[in-house]
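Trainee: Pasting in a structure now, in structure tokens, and then I'll have a few things to ask.
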Amino acid sequence: MTRKNRRAAFIVTSLAILGLAVGLVLYAMRDNIVFFYSPSDIAEKDIGPGQRIRLGGMVEEGSLAHSSEATINFRVTDFVKAVGVTYTGILPDLFREGQGVVAEGHMQADGSFVADTVLAKHDEKYMPPEVAESLKKAGRWKEGEDTPMPEGAVKP
């Protein structure tokens, strides 16, 4: 084998090993990848029951209800569609109606969402980027405003 052939064989072998390593890493991570969806995205796409996702939007006004001591039901909306969410646990201190939220969990067969993690915005100006983007798509977000105003609401 000439020097040129050995070098080519080494490069091809190295690329094959690197490709195999990347493929194995991606295969191992497939269960840990969680995609973000707004309520409108969930209505448009076929999200199967049990599929792990992140749901983001605004907590719908008047939807917060405590069904038991630690179980809370609320609705997440992007002002076009809304999805019912059930969460068992302690909510973040900043969680409240009319605020941005990202919930991580899975869809149920009946179209409701069971969350195992709920994240609320952490200051007055913050909105999770995914939530802001989905609200922009729905035409409910304006740059420079803290949060979009629900229909019929009067700005203080």
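Numbering starts fresh at 1 for the residues of each chain in the structure tokens, the chains themselves are lettered A, B, ... in the order given, and ligands are numbered from 1 as they appear.
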Can you list, as a PyMOL selection string, every residue of chain A that DSSP puts in helix (DSSP H, G or I)?
Mentor: chain A and resi 3-29+39-44+129-137
Trainee: Quick one: residues within 8 Å of Ser38 in chain A, only C-alpha atoms counted, chain neighbours fewer than 3 positions away excluded, as number ranges by chain?
Mentor: A: 41-42, 55-57, 77-78, 131, 134
Trainee: Extract, using only C-alpha atoms, all DNA, RNA and protein residues at most 7 Å from Val101 in chain A, discarding same-chain residues fewer than 6 positions from it, and format them as a ChimeraX atom specification.
Mentor: /A:56-59,119-121
Trainee: Just to confirm, what's the straight-line distance from CA of Gly62 in chain A to CA of Ile90 in chain A in Å (one decimal)?
Mentor: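 Spanning CA of Gly62 in chain A to CA of Ile90 in chain A is a straight-line distance of 19.2 Å.
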Trainee: Closest to Val118 in chain A among A:Lys81, A:Arg96, A:Arg30, A:Lys4, using only C-alpha atoms?
Mentor: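 When distances to Val118 in chain A are compared using only C-alpha atoms, the smallest one comes from A:Arg96.
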Trainee: So that I can check the surroundings of Asp110 in chain A, please list as an mmCIF file with N, CA and C atoms, in the first residue's frame every protein, DNA and RNA residue that reaches within 12 Å of it, counting only C-alpha atoms and ignoring chain neighbours fewer than 6 positions away.
Mentor:
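Wrote it out as out.cif, contents follow:
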data_model
loop_
_atom_site.group_PDB
_atom_site.id
_atom_site.type_symbol
_atom_site.label_atom_id
_atom_site.label_comp_id
_atom_site.auth_asym_id
_atom_site.auth_seq_id
_atom_site.Cartn_x
_atom_site.Cartn_y
_atom_site.Cartn_z
ATOM 1 N N ILE A 47 -49.958 14.978 18.066
ATOM 2 C CA ILE A 47 -49.161 14.672 19.251
ATOM 3 C C ILE A 47 -49.813 13.467 19.922
ATOM 4 N N GLY A 48 -49.121 12.355 19.920
ATOM 5 C CA GLY A 48 -49.680 11.123 20.463
ATOM 6 C C GLY A 48 -49.706 11.110 21.977
ATOM 7 N N PRO A 49 -50.643 10.372 22.565
ATOM 8 C CA PRO A 49 -50.686 10.238 24.018
ATOM 9 C C PRO A 49 -49.379 9.643 24.537
ATOM 10 N N GLY A 50 -48.900 10.196 25.630
ATOM 11 C CA GLY A 50 -47.667 9.713 26.234
ATOM 12 C C GLY A 50 -46.412 10.349 25.683
ATOM 13 N N VAL A 83 -55.281 24.561 26.147
ATOM 14 C CA VAL A 83 -55.125 23.162 26.531
ATOM 15 C C VAL A 83 -55.240 23.075 28.046
ATOM 16 N N GLY A 84 -56.041 22.126 28.523
ATOM 17 C CA GLY A 84 -56.166 21.894 29.954
ATOM 18 C C GLY A 84 -54.939 21.179 30.490
ATOM 19 N N VAL A 85 -54.456 21.637 31.651
ATOM 20 C CA VAL A 85 -53.249 21.083 32.261
ATOM 21 C C VAL A 85 -53.579 20.633 33.675
#
Trainee: Give the answer as one residue: which of A:Ala8, A:Leu91, A:Met29, A:Val114 has the shortest atom-to-atom distance to Ala70 in chain A, using only C-alpha atoms?
Mentor: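 With only C-alpha atoms as the atom set, the closest residue is A:Leu91.
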Trainee: Quick one: pull the distance between CA of Arg52 in chain A and CA of His106 in chain A, Å, one decimal.
Mentor: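 If I compute the distance from CA of Arg52 in chain A to CA of His106 in chain A, I get 4.5 Å.
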Trainee: Going by DSSP on the backbone, which residues of chain A come out as strand (DSSP E)? List them as JSON, numbers by chain.
Mentor: {"A": [35, 36, 37, 52, 53, 54, 55, 56, 57, 58, 59, 65, 66, 71, 72, 73, 74, 75, 76, 77, 82, 83, 84, 85, 86, 87, 88, 100, 101, 102, 103, 104, 105, 106, 107, 113, 114, 115, 116, 117, 118, 119, 120]}
Trainee: Any chance you can output those residues with C-alpha atoms as a PDB file, in the first residue's frame?
Mentor:
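Output saved as part-v5.pdb:
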ATOM      1  CA  PHE A  35     -39.956  19.701  21.851  1.00  0.00           C
ATOM      2  CA  PHE A  36     -41.835  22.913  22.640  1.00  0.00           C
ATOM      3  CA  TYR A  37     -45.410  23.396  21.432  1.00  0.00           C
ATOM      4  CA  ARG A  52     -43.145  13.998  26.177  1.00  0.00           C
ATOM      5  CA  ILE A  53     -43.359  17.679  25.203  1.00  0.00           C
ATOM      6  CA  ARG A  54     -43.151  21.204  26.581  1.00  0.00           C
ATOM      7  CA  LEU A  55     -46.346  23.232  26.456  1.00  0.00           C
ATOM      8  CA  GLY A  56     -46.041  26.999  26.637  1.00  0.00           C
ATOM      9  CA  GLY A  57     -48.319  29.992  26.647  1.00  0.00           C
ATOM     10  CA  MET A  58     -50.248  32.124  29.087  1.00  0.00           C
ATOM     11  CA  VAL A  59     -52.237  30.819  32.053  1.00  0.00           C
ATOM     12  CA  ALA A  65     -58.686  25.332  40.135  1.00  0.00           C
ATOM     13  CA  HIS A  66     -57.434  23.151  42.988  1.00  0.00           C
ATOM     14  CA  THR A  71     -53.393  18.756  42.374  1.00  0.00           C
ATOM     15  CA  ILE A  72     -53.984  21.910  40.363  1.00  0.00           C
ATOM     16  CA  ASN A  73     -55.886  22.260  37.083  1.00  0.00           C
ATOM     17  CA  PHE A  74     -55.459  25.238  34.769  1.00  0.00           C
ATOM     18  CA  ARG A  75     -55.561  26.067  31.085  1.00  0.00           C
ATOM     19  CA  VAL A  76     -52.660  27.273  28.953  1.00  0.00           C
ATOM     20  CA  THR A  77     -53.592  29.475  26.016  1.00  0.00           C
ATOM     21  CA  ALA A  82     -56.205  26.447  24.940  1.00  0.00           C
ATOM     22  CA  VAL A  83     -55.125  23.162  26.531  1.00  0.00           C
ATOM     23  CA  GLY A  84     -56.166  21.894  29.954  1.00  0.00           C
ATOM     24  CA  VAL A  85     -53.249  21.083  32.261  1.00  0.00           C
ATOM     25  CA  THR A  86     -53.167  18.968  35.416  1.00  0.00           C
ATOM     26  CA  TYR A  87     -50.208  19.357  37.760  1.00  0.00           C
ATOM     27  CA  THR A  88     -49.549  17.642  41.056  1.00  0.00           C
ATOM     28  CA  GLY A 100     -46.369  33.157  30.920  1.00  0.00           C
ATOM     29  CA  VAL A 101     -45.722  29.515  31.728  1.00  0.00           C
ATOM     30  CA  VAL A 102     -43.907  26.501  30.308  1.00  0.00           C
ATOM     31  CA  ALA A 103     -45.093  23.077  31.471  1.00  0.00           C
ATOM     32  CA  GLU A 104     -43.204  19.883  30.732  1.00  0.00           C
ATOM     33  CA  GLY A 105     -45.038  16.561  30.663  1.00  0.00           C
ATOM     34  CA  HIS A 106     -47.124  14.434  28.326  1.00  0.00           C
ATOM     35  CA  MET A 107     -50.436  14.483  26.484  1.00  0.00           C
ATOM     36  CA  PHE A 113     -51.900  17.616  29.378  1.00  0.00           C
ATOM     37  CA  VAL A 114     -50.327  16.145  32.525  1.00  0.00           C
ATOM     38  CA  ALA A 115     -47.373  18.229  33.684  1.00  0.00           C
ATOM     39  CA  ASP A 116     -44.582  17.047  35.925  1.00  0.00           C
ATOM     40  CA  THR A 117     -42.678  20.357  35.792  1.00  0.00           C
ATOM     41  CA  VAL A 118     -44.096  23.883  35.660  1.00  0.00           C
ATOM     42  CA  LEU A 119     -41.899  26.920  35.032  1.00  0.00           C
ATOM     43  CA  ALA A 120     -43.186  30.463  35.534  1.00  0.00           C
TER      44      ALA A 120
END
